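Just upload-v6.csv here, CSV, C-alpha atoms and all ligand atoms:
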```csv
chain,number,residue,atom,x,y,z
A,19,MET,CA,124.8,104.0,81.7
A,20,ARG,CA,124.6,101.8,78.6
A,21,ARG,CA,122.9,102.7,75.4
A,22,ALA,CA,119.2,101.7,74.8
A,23,GLU,CA,120.4,99.2,72.2
A,24,THR,CA,117.3,99.4,70.1
A,25,ALA,CA,117.9,99.8,66.4
A,26,THR,CA,118.4,103.5,66.4
A,27,LEU,CA,117.2,105.1,69.6
A,28,THR,CA,119.3,105.9,72.6
A,29,TRP,CA,118.0,106.3,76.2
A,30,ALA,CA,118.4,110.0,75.7
A,31,ASP,CA,116.1,109.8,72.6
A,32,TYR,CA,113.5,108.0,74.7
A,33,ARG,CA,113.8,110.6,77.4
A,34,ALA,CA,113.1,113.3,74.9
A,35,GLU,CA,109.8,111.5,74.1
A,36,PHE,CA,108.6,112.7,77.5
A,37,PRO,CA,108.3,116.5,77.7
A,38,ILE,CA,107.8,116.6,81.4
A,39,PHE,CA,111.6,116.2,81.8
A,40,GLU,CA,112.1,119.6,80.3
A,41,SER,CA,110.7,121.2,83.5
A,42,THR,CA,110.4,118.5,86.2
A,43,THR,CA,112.3,115.8,88.0
A,44,TYR,CA,109.8,113.0,87.6
A,45,LEU,CA,110.3,109.9,89.6
A,46,ASN,CA,106.8,108.6,90.0
A,47,THR,CA,106.1,105.9,87.4
A,48,CYS,CA,104.8,103.6,90.1
A,49,SER,CA,101.9,106.0,90.4
A,50,LEU,CA,101.5,107.2,86.8
A,51,ALA,CA,103.9,107.2,83.9
A,52,PRO,CA,104.6,110.6,82.4
A,53,LEU,CA,102.9,111.4,79.1
A,54,SER,CA,105.0,110.6,76.0
A,55,ARG,CA,104.6,112.5,72.7
A,56,ARG,CA,103.6,109.1,71.1
A,57,VAL,CA,100.7,108.6,73.5
A,58,ALA,CA,99.6,112.2,73.1
A,59,ALA,CA,99.7,111.7,69.3
A,60,ALA,CA,97.7,108.5,69.5
A,61,VAL,CA,94.9,110.2,71.5
A,62,GLY,CA,95.0,113.0,68.9
A,63,GLU,CA,94.5,110.4,66.2
A,64,TYR,CA,91.5,109.0,68.1
A,65,LEU,CA,89.9,112.5,68.2
A,66,ARG,CA,90.7,113.1,64.6
A,67,LEU,CA,88.9,109.9,63.6
A,68,TRP,CA,85.9,110.8,65.8
A,69,GLN,CA,85.7,114.2,64.3
A,70,GLN,CA,86.0,113.0,60.7
A,71,PHE,CA,84.0,109.8,60.8
A,72,GLY,CA,81.8,109.8,63.8
A,73,ALA,CA,80.3,106.4,64.6
A,74,SER,CA,81.7,104.9,61.3
A,75,ALA,CA,85.2,105.1,62.9
A,76,TRP,CA,84.0,101.9,64.8
A,77,TYR,CA,83.7,100.0,61.5
A,78,GLY,CA,87.4,100.2,60.8
A,79,PRO,CA,90.2,101.8,62.9
A,80,TRP,CA,88.6,101.7,66.3
A,81,TRP,CA,88.0,98.0,66.3
A,82,GLU,CA,91.4,97.4,64.8
A,83,GLU,CA,93.0,99.4,67.6
A,84,ILE,CA,91.2,97.3,70.2
A,85,ALA,CA,92.6,94.1,68.5
A,86,THR,CA,96.1,95.7,68.3
A,87,LEU,CA,95.9,96.5,72.0
A,88,ARG,CA,94.8,93.0,72.9
A,89,ARG,CA,97.8,91.6,70.9
A,90,ARG,CA,100.2,94.0,72.7
A,91,VAL,CA,98.9,93.1,76.1
A,92,ALA,CA,99.2,89.4,75.3
A,93,GLN,CA,102.8,89.9,74.0
A,94,VAL,CA,104.0,91.8,77.1
A,95,ILE,CA,102.7,89.0,79.4
A,96,GLY,CA,103.6,86.1,77.1
A,97,ALA,CA,100.0,85.0,76.5
A,98,ASP,CA,97.8,84.4,73.5
A,99,PRO,CA,95.4,87.3,72.6
A,100,SER,CA,92.5,84.9,73.1
A,101,GLU,CA,93.4,84.7,76.8
A,102,VAL,CA,93.1,88.5,77.4
A,103,ALA,CA,89.9,90.4,78.4
A,104,LEU,CA,89.9,94.2,78.5
A,105,PHE,CA,88.4,96.3,81.3
A,106,PRO,CA,88.3,100.0,82.4
A,107,HIS,CA,90.2,99.3,85.6
A,108,VAL,CA,91.7,96.4,87.6
A,109,THR,CA,88.7,96.4,90.0
A,110,ALA,CA,86.3,95.5,87.1
A,111,ALA,CA,88.7,92.8,86.0
A,112,LEU,CA,88.8,91.3,89.5
A,113,VAL,CA,85.0,91.4,89.9
A,114,ALA,CA,84.6,89.6,86.5
A,115,ALA,CA,87.2,86.9,87.5
A,116,ALA,CA,85.7,86.4,91.0
A,117,SER,CA,82.2,86.0,89.4
A,118,ALA,CA,83.6,82.9,87.6
A,119,VAL,CA,84.9,81.1,90.7
A,120,ASP,CA,82.8,78.5,92.4
A,121,PHE,CA,83.0,79.3,96.2
A,122,ARG,CA,80.2,76.9,97.2
A,123,THR,CA,82.4,74.1,98.5
A,124,ARG,CA,85.6,76.2,98.8
A,125,PRO,CA,84.5,79.5,100.4
A,126,ARG,CA,88.0,80.7,101.4
A,127,VAL,CA,90.2,83.3,99.7
A,128,VAL,CA,93.7,83.7,101.0
A,129,CYS,CA,95.4,87.0,100.3
A,130,SER,CA,97.8,89.3,102.2
A,131,GLU,CA,97.9,92.7,103.9
A,132,LEU,CA,100.4,93.8,101.2
A,133,GLU,CA,97.9,93.5,98.3
A,134,PHE,CA,96.5,96.7,96.8
A,135,PRO,CA,93.3,97.6,98.6
A,136,THR,CA,90.9,96.7,95.8
A,137,THR,CA,92.4,93.2,95.7
A,138,ARG,CA,91.6,92.8,99.4
A,139,TYR,CA,88.3,94.6,99.8
A,140,LEU,CA,86.6,92.5,97.1
A,141,TRP,CA,86.7,89.4,99.2
A,142,GLN,CA,85.8,91.1,102.4
A,143,THR,CA,82.5,92.4,101.0
A,144,LYS,CA,81.4,89.3,99.0
A,145,THR,CA,78.7,87.3,100.7
A,146,GLY,CA,79.6,83.6,101.3
A,147,ILE,CA,83.3,84.2,101.2
A,148,ALA,CA,85.7,83.9,104.2
A,149,ALA,CA,88.6,86.2,103.4
A,150,VAL,CA,91.9,85.3,105.1
A,151,THR,CA,94.4,88.1,105.1
A,152,LEU,CA,98.0,87.1,105.9
A,153,ASN,CA,100.3,89.5,107.8
A,154,SER,CA,103.7,90.3,106.5
A,155,PRO,CA,106.5,89.7,109.1
A,156,ASP,CA,108.6,92.7,107.9
A,157,GLY,CA,106.0,94.9,106.1
A,158,MET,CA,107.8,94.3,102.8
A,159,THR,CA,107.5,90.6,101.8
A,160,LEU,CA,105.1,87.7,102.2
A,161,PRO,CA,107.1,84.5,102.7
A,162,LEU,CA,105.5,81.5,101.0
A,163,GLU,CA,105.5,79.7,104.3
A,164,GLU,CA,102.7,82.1,105.4
A,165,TYR,CA,100.6,81.0,102.4
A,166,ASP,CA,101.6,77.4,103.0
A,167,ARG,CA,100.1,77.5,106.5
A,168,ALA,CA,96.9,79.2,105.4
A,169,VAL,CA,95.9,77.5,102.1
A,170,ASP,CA,93.7,74.5,102.7
A,171,ASP,CA,91.2,72.3,100.9
A,172,ARG,CA,88.5,74.8,101.5
A,173,THR,CA,90.4,77.5,99.7
A,174,ALA,CA,89.1,78.5,96.2
A,175,LEU,CA,91.6,81.2,95.4
A,176,VAL,CA,95.1,82.2,96.4
A,177,VAL,CA,95.7,85.9,95.7
A,178,GLY,CA,99.1,87.6,95.5
A,179,SER,CA,101.0,90.5,93.9
A,180,HIS,CA,103.9,90.1,91.5
A,181,VAL,CA,105.5,93.3,92.9
A,182,TYR,CA,104.2,94.7,96.2
A,183,PHE,CA,103.0,98.3,95.7
A,184,THR,CA,104.3,99.6,99.1
A,185,SER,CA,107.7,97.8,99.1
A,186,GLY,CA,108.7,97.1,95.6
A,187,MET,CA,109.6,93.5,96.5
A,188,VAL,CA,109.1,90.8,93.9
A,189,GLN,CA,107.0,87.7,94.8
A,190,ASP,CA,107.8,84.3,93.4
A,191,ILE,CA,104.4,83.8,91.6
A,192,THR,CA,105.4,80.5,90.0
A,193,ALA,CA,105.9,79.0,93.5
A,194,LEU,CA,102.7,80.6,94.7
A,195,ALA,CA,100.7,79.1,91.8
A,196,ARG,CA,102.3,75.7,92.5
A,197,LEU,CA,101.4,75.9,96.1
A,198,ALA,CA,97.8,76.9,95.3
A,199,HIS,CA,97.4,74.1,92.8
A,200,ALA,CA,98.8,71.5,95.2
A,201,ARG,CA,95.8,72.2,97.4
A,202,GLY,CA,93.3,72.3,94.6
A,203,ALA,CA,93.0,76.1,94.7
A,204,SER,CA,93.3,78.6,91.8
A,205,CYS,CA,95.9,81.4,91.8
A,206,LEU,CA,95.1,85.0,90.9
A,207,ILE,CA,98.0,87.5,90.6
A,208,ASP,CA,97.9,91.3,90.6
A,209,ALA,CA,100.8,92.2,88.3
A,210,TYR,CA,100.0,96.0,88.0
A,211,GLN,CA,103.3,97.0,89.5
A,212,SER,CA,105.5,94.5,87.6
A,213,LEU,CA,104.3,94.5,84.0
A,214,GLY,CA,106.7,96.6,81.9
A,215,GLN,CA,109.4,96.4,84.6
A,216,LEU,CA,109.8,92.6,84.9
A,217,PRO,CA,109.8,90.2,82.1
A,218,LEU,CA,106.9,87.8,82.3
A,219,ASP,CA,106.1,84.5,80.7
A,220,VAL,CA,102.6,84.0,82.2
A,221,HIS,CA,102.3,80.4,80.9
A,222,ALA,CA,105.5,79.4,82.5
A,223,THR,CA,104.3,80.7,85.9
A,224,GLY,CA,101.2,78.5,85.8
A,225,VAL,CA,98.9,81.2,87.3
A,226,ASP,CA,95.2,80.9,86.5
A,227,PHE,CA,94.3,84.6,86.5
A,228,LEU,CA,96.4,87.7,86.2
A,229,VAL,CA,95.3,91.3,86.3
A,230,GLY,CA,97.2,94.5,85.3
A,231,GLY,CA,96.6,97.9,83.8
A,232,THR,CA,98.4,100.4,81.6
A,233,LEU,CA,98.9,103.6,83.5
A,234,LYS,CA,102.1,102.8,85.3
A,235,TRP,CA,105.1,100.9,83.8
A,236,LEU,CA,103.2,100.2,80.5
A,237,LEU,CA,103.2,104.0,79.8
A,238,GLY,CA,99.6,104.1,78.5
A,239,GLY,CA,97.5,106.3,80.8
A,240,SER,CA,94.3,105.5,82.8
A,241,GLY,CA,91.1,103.8,81.8
A,242,LEU,CA,92.5,100.5,80.6
A,243,ALA,CA,93.1,97.3,82.4
A,244,PHE,CA,93.0,93.6,81.6
A,245,LEU,CA,92.5,90.1,82.8
A,246,TYR,CA,94.5,87.1,81.7
A,247,VAL,CA,92.8,83.8,82.0
A,248,ARG,CA,94.7,80.6,81.4
A,249,GLY,CA,93.6,79.2,78.0
A,250,ASP,CA,92.6,75.7,79.1
A,251,LEU,CA,90.4,77.1,81.9
A,252,ILE,CA,88.4,79.5,79.7
A,253,PRO,CA,85.8,77.0,78.3
A,254,ARG,CA,85.1,75.7,81.9
A,255,LEU,CA,84.5,79.1,83.4
A,256,GLN,CA,81.1,80.9,83.2
A,257,PRO,CA,81.5,84.4,84.7
A,258,GLU,CA,78.3,85.8,86.0
A,259,VAL,CA,79.2,89.5,85.8
A,260,ILE,CA,79.3,90.1,82.0
A,261,GLY,CA,77.9,92.4,79.3
A,262,TRP,CA,77.2,92.3,75.6
A,263,PHE,CA,80.9,92.2,74.7
A,264,ALA,CA,81.0,88.8,76.3
A,265,HIS,CA,78.5,87.3,73.8
A,266,ARG,CA,79.9,84.9,71.2
A,267,ASP,CA,78.4,87.0,68.5
A,268,GLN,CA,77.7,90.4,70.0
A,269,PHE,CA,76.3,92.1,66.9
A,270,THR,CA,73.5,89.6,66.5
A,271,PHE,CA,71.9,91.3,69.5
A,272,ALA,CA,70.5,87.9,70.3
A,273,PRO,CA,67.9,87.6,73.1
A,274,ALA,CA,69.7,84.6,74.7
A,275,PHE,CA,73.2,85.0,76.1
A,276,GLU,CA,76.0,82.6,74.8
A,277,TYR,CA,79.5,82.9,76.0
A,278,ALA,CA,82.3,83.9,73.6
A,279,ALA,CA,84.8,81.1,73.2
A,280,ASP,CA,87.8,83.1,74.3
A,281,ALA,CA,88.5,85.4,77.3
A,282,ARG,CA,86.1,88.0,75.9
A,283,ARG,CA,83.5,86.0,77.8
A,284,PHE,CA,84.6,88.0,80.8
A,285,GLU,CA,84.1,91.5,79.2
A,286,GLY,CA,81.4,94.0,79.9
A,287,GLY,CA,80.6,97.0,77.6
A,288,THR,CA,82.1,99.6,75.3
A,289,PRO,CA,85.7,100.6,76.3
A,290,SER,CA,86.9,104.2,76.4
A,291,VAL,CA,88.4,104.4,72.9
A,292,ALA,CA,90.7,107.3,73.9
A,293,ALA,CA,92.1,105.0,76.6
A,294,VAL,CA,92.6,102.2,74.1
A,295,TYR,CA,94.6,104.5,71.8
A,296,ALA,CA,96.7,105.7,74.7
A,297,ALA,CA,97.3,102.3,76.1
A,298,SER,CA,98.2,100.8,72.8
A,299,ALA,CA,100.8,103.5,72.1
A,300,GLY,CA,102.3,103.2,75.6
A,301,LEU,CA,102.7,99.4,75.1
A,302,GLN,CA,104.2,99.9,71.7
A,303,ILE,CA,107.1,101.8,73.4
A,304,VAL,CA,107.6,99.1,76.0
A,305,LEU,CA,107.6,96.3,73.4
A,306,GLU,CA,109.9,98.3,71.1
A,307,ILE,CA,112.5,98.6,73.8
A,308,GLY,CA,111.8,95.1,75.2
A,309,VAL,CA,111.1,94.3,78.8
A,310,GLU,CA,114.4,92.4,79.3
A,311,ARG,CA,116.3,95.6,78.4
A,312,LEU,CA,114.0,97.7,80.6
A,313,ARG,CA,114.7,95.4,83.5
A,314,ALA,CA,118.5,95.7,83.0
A,315,ARG,CA,118.3,99.4,82.8
A,316,GLN,CA,116.0,99.5,85.9
A,317,LEU,CA,118.5,97.5,88.0
A,318,GLU,CA,121.2,100.0,87.0
A,319,LEU,CA,119.0,103.0,87.9
A,320,THR,CA,117.7,101.5,91.1
A,321,SER,CA,121.2,100.7,92.4
A,322,ASP,CA,122.4,104.3,91.5
A,323,LEU,CA,119.4,105.8,93.3
A,324,VAL,CA,120.0,103.6,96.4
A,325,ALA,CA,123.7,104.5,96.5
A,326,ARG,CA,123.0,108.2,96.2
A,327,ALA,CA,120.3,108.0,98.8
A,328,ARG,CA,122.6,106.2,101.3
A,329,GLU,CA,125.4,108.8,100.6
A,330,THR,CA,122.9,111.5,101.7
A,331,GLY,CA,122.1,109.6,104.9
A,332,LEU,CA,118.7,108.3,103.8
A,333,ARG,CA,117.9,104.7,104.5
A,334,PRO,CA,116.0,103.2,101.5
A,335,ARG,CA,114.3,99.9,102.4
A,336,VAL,CA,115.8,97.5,99.8
A,337,PRO,CA,117.3,94.0,100.0
A,338,SER,CA,121.0,93.5,99.5
A,339,ASP,CA,120.2,91.7,96.2
A,340,LEU,CA,118.3,94.2,94.1
A,341,ARG,CA,117.2,91.4,91.8
A,342,GLN,CA,114.5,90.6,94.4
A,343,HIS,CA,113.3,94.1,94.0
A,344,ALA,CA,111.6,96.3,91.3
A,345,GLY,CA,111.9,100.0,90.7
A,346,ILE,CA,109.9,101.3,93.7
A,347,VAL,CA,112.4,102.5,96.2
A,348,THR,CA,110.7,103.3,99.5
A,349,ILE,CA,112.2,105.7,102.0
A,350,PRO,CA,110.7,105.7,105.5
A,351,ARG,CA,109.7,109.2,106.7
A,352,ALA,CA,107.9,110.5,109.8
A,353,ASP,CA,105.5,112.6,107.7
A,354,PRO,CA,105.5,111.3,104.1
A,355,PRO,CA,102.8,113.7,102.7
A,356,ALA,CA,104.8,116.7,104.0
A,357,VAL,CA,107.9,115.4,102.4
A,358,VAL,CA,106.1,114.8,99.1
A,359,ARG,CA,104.7,118.4,99.2
A,360,GLY,CA,108.2,119.7,100.0
A,361,LEU,CA,109.8,117.8,97.2
A,362,ARG,CA,107.1,119.0,94.7
A,363,GLU,CA,107.9,122.6,95.7
A,364,GLN,CA,111.5,121.8,94.6
A,365,GLY,CA,110.3,120.3,91.3
A,366,VAL,CA,110.7,116.7,92.3
A,367,ILE,CA,107.6,114.5,91.8
A,368,VAL,CA,107.3,111.4,93.9
A,369,ASP,CA,104.4,110.0,96.0
A,370,ASP,CA,103.8,108.5,99.4
A,371,ARG,CA,102.2,105.5,101.1
A,372,PRO,CA,101.8,105.0,104.8
A,373,GLY,CA,105.1,105.5,106.5
A,374,VAL,CA,107.2,105.9,103.3
A,375,VAL,CA,108.0,108.0,100.3
A,376,ARG,CA,108.1,106.1,97.0
A,377,VAL,CA,110.7,107.0,94.5
A,378,SER,CA,110.3,105.1,91.3
A,379,PRO,CA,112.8,105.6,88.4
A,380,PHE,CA,112.2,104.1,85.0
A,381,PHE,CA,114.3,103.9,81.7
A,382,PHE,CA,113.8,107.7,80.9
A,383,ASN,CA,115.4,108.8,84.2
A,384,VAL,CA,119.1,109.6,84.6
A,385,PRO,CA,121.4,109.7,87.6
A,386,ASP,CA,121.1,113.5,87.7
A,387,ASP,CA,117.4,113.1,88.5
A,388,HIS,CA,118.4,110.9,91.5
A,389,GLN,CA,120.9,113.5,92.7
A,390,ARG,CA,118.3,116.3,92.5
A,391,ALA,CA,115.8,114.1,94.4
A,392,VAL,CA,118.2,113.2,97.2
A,393,ASP,CA,119.4,116.8,97.5
A,394,ALA,CA,115.8,117.9,97.8
A,395,PHE,CA,115.3,115.3,100.6
A,396,ALA,CA,118.4,116.7,102.4
A,397,ALA,CA,117.2,120.3,102.0
A,398,LEU,CA,113.9,119.3,103.6
A,399,GLU,CA,115.6,117.6,106.5
A,400,ARG,CA,117.6,120.7,107.2
A,401,ARG,CA,114.2,122.5,107.5
A,402,GLY,CA,113.0,119.8,109.9
A,403,VAL,CA,110.7,118.2,107.3
A,404,ARG,CA,111.3,114.5,107.4
B,1,LIG,C1,99.1,96.7,92.7
B,1,LIG,C2,98.0,97.6,92.2
B,1,LIG,N1,96.8,97.0,91.8
B,1,LIG,C3,95.8,97.7,91.4
B,1,LIG,C4,95.9,99.1,91.3
B,1,LIG,C5,94.7,99.9,90.7
B,1,LIG,O1,93.5,99.3,90.5
B,1,LIG,P1,92.4,100.0,89.7
B,1,LIG,O2,92.7,99.9,88.2
B,1,LIG,O3,91.1,99.2,90.0
B,1,LIG,O4,92.3,101.4,90.2
B,1,LIG,C6,97.1,99.7,91.6
B,1,LIG,C7,97.3,101.2,91.5
B,1,LIG,O5,96.6,102.1,91.2
B,1,LIG,C8,98.1,99.0,92.1
B,1,LIG,O6,99.3,99.5,92.4
```
Could you rewrite the structure in this file as structure tokens?
Ligand SMILES: Cc1ncc(COP(=O)(O)O)c(C=O)c1O
Amino acid sequence: MRRAETATLTWADYRAEFPIFESTTYLNTCSLAPLSRRVAAAVGEYLRLWQQFGASAWYGPWWEEIATLRRRVAQVIGADPSEVALFPHVTAALVAAASAVDFRTRPRVVCSELEFPTTRYLWQTKTGIAAVTLNSPDGMTLPLEEYDRAVDDRTALVVGSHVYFTSGMVQDITALARLAHARGASCLIDAYQSLGQLPLDVHATGVDFLVGGTLKWLLGGSGLAFLYVRGDLIPRLQPEVIGWFAHRDQFTFAPAFEYAADARRFEGGTPSVAAVYAASAGLQIVLEIGVERLRARQLELTSDLVARARETGLRPRVPSDLRQHAGIVTIPRADPPAVVRGLREQGVIVDDRPGVVRVSPFFFNVPDDHQRAVDAFAALERRGVR
């Protein structure tokens, strides 16, 4: 494996940032990134400030950290900070985005069965919306032709994932946005499983809305998510689900609501400041290494894992060209929860989704982790757990 190529730190140095590797074979970043010393220290700093300054921590460091976080989110997606709104989870970000879309003459939303549940459920329960859910022909991908057949001039929103959470396959979101726009629809992308793994220049993709969060590949823990809204759209959109953080001058406590000029017009209330500190520190690591390097490393790790899995007789579901795929390697099993439990007993942490076990390496993993994981799969098979 090549070196990390940052100024001074090697991949081994970065691995040492994550104490979990001292005791565990952790291959589950697609569910939750392991805790780094840096993120733990950042949360400690938040607590120290709270203890020392109480509410006056707001008047300096806490607001500054929120601004820093917004800048880092913008940087990782290639946006301007004014295009980023912060939320406690992706669900809240989606609800806010949906509340700004005019469904009166275009009541249809086209999404797919491969989206994360929240990203499907929202449209199914919203009054006045006809949700169209496309089926995947192979359970792994959603060919653009399926969208092409379904999106029409009554479609307000085309919804897709950048990386599918159950298959790890990458969607061409630039083509999806182009397809939506050609029919007069907007395009909303769930990029939770891609950000940090795949480089993104959100402006170049042309998408209108993009959501993500920090607990997976951005290394920042739970409680922090975000919505990107394309800059030129912001002045035209008037979200209906908002709070005092969406006011153009929130500390005037004005009786009448006026929208903030930037993407803050989508925001609600007070964020969890502990989550802000954790998210910001996680993003700092990602940006310090650089997503291009992370992607190159991820491709090496994924192909190593796939090769070792095949040598052990496992059949990972991946395409021949791994560049169409991210770092979520899925292995079909008859009883995935039993396999996940059995692996955990052997010190290997992965997770499952219907019909598959997900093994998701990231830059801090090493080939030995992969070997321990596939050996643990093999040991379970010998005991009839598969
Ligand atoms: C693709 C995708 N979208 C969204 C989520 C989570 O959404 P929320 O932040 O609302 O829990 C996840 C995973 O937890 C996910 O994998």
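Proximity to Leu305 in chain A was assessed for A:Val403, A:Ile84, A:Val94, A:Val229 counting all atoms listed in the file; the smallest distance is recorded for A:Val94.
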Inset, instruction - Dump the neighbourhood of ligand LIG 1 (chain B) as a PyMOL selection string: all residues within 9 Å, distances computed on only C-alpha atoms and all ligand atoms. - result: chain A and resi 48-50+105-112+133-137+179-184+208-212+229-234+240-243
Inset, instruction - Pick out the closest residue to Thr123 in chain A from this set: A:Asp166, A:Gln93, A:Asn153, A:Gly202. Count only C-alpha atoms. - result: A:Gly202
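The nearest approach to Gly96 in chain A among the residues A:Ala30, A:Val392, A:Val358, A:Val220, with only C-alpha atoms taken into account, belongs to A:Val220.
Closest to Glu163 in chain A among A:Ala299, A:Leu140, A:Ala193, A:Leu236 is A:Ala193, based on all atoms listed in the file.
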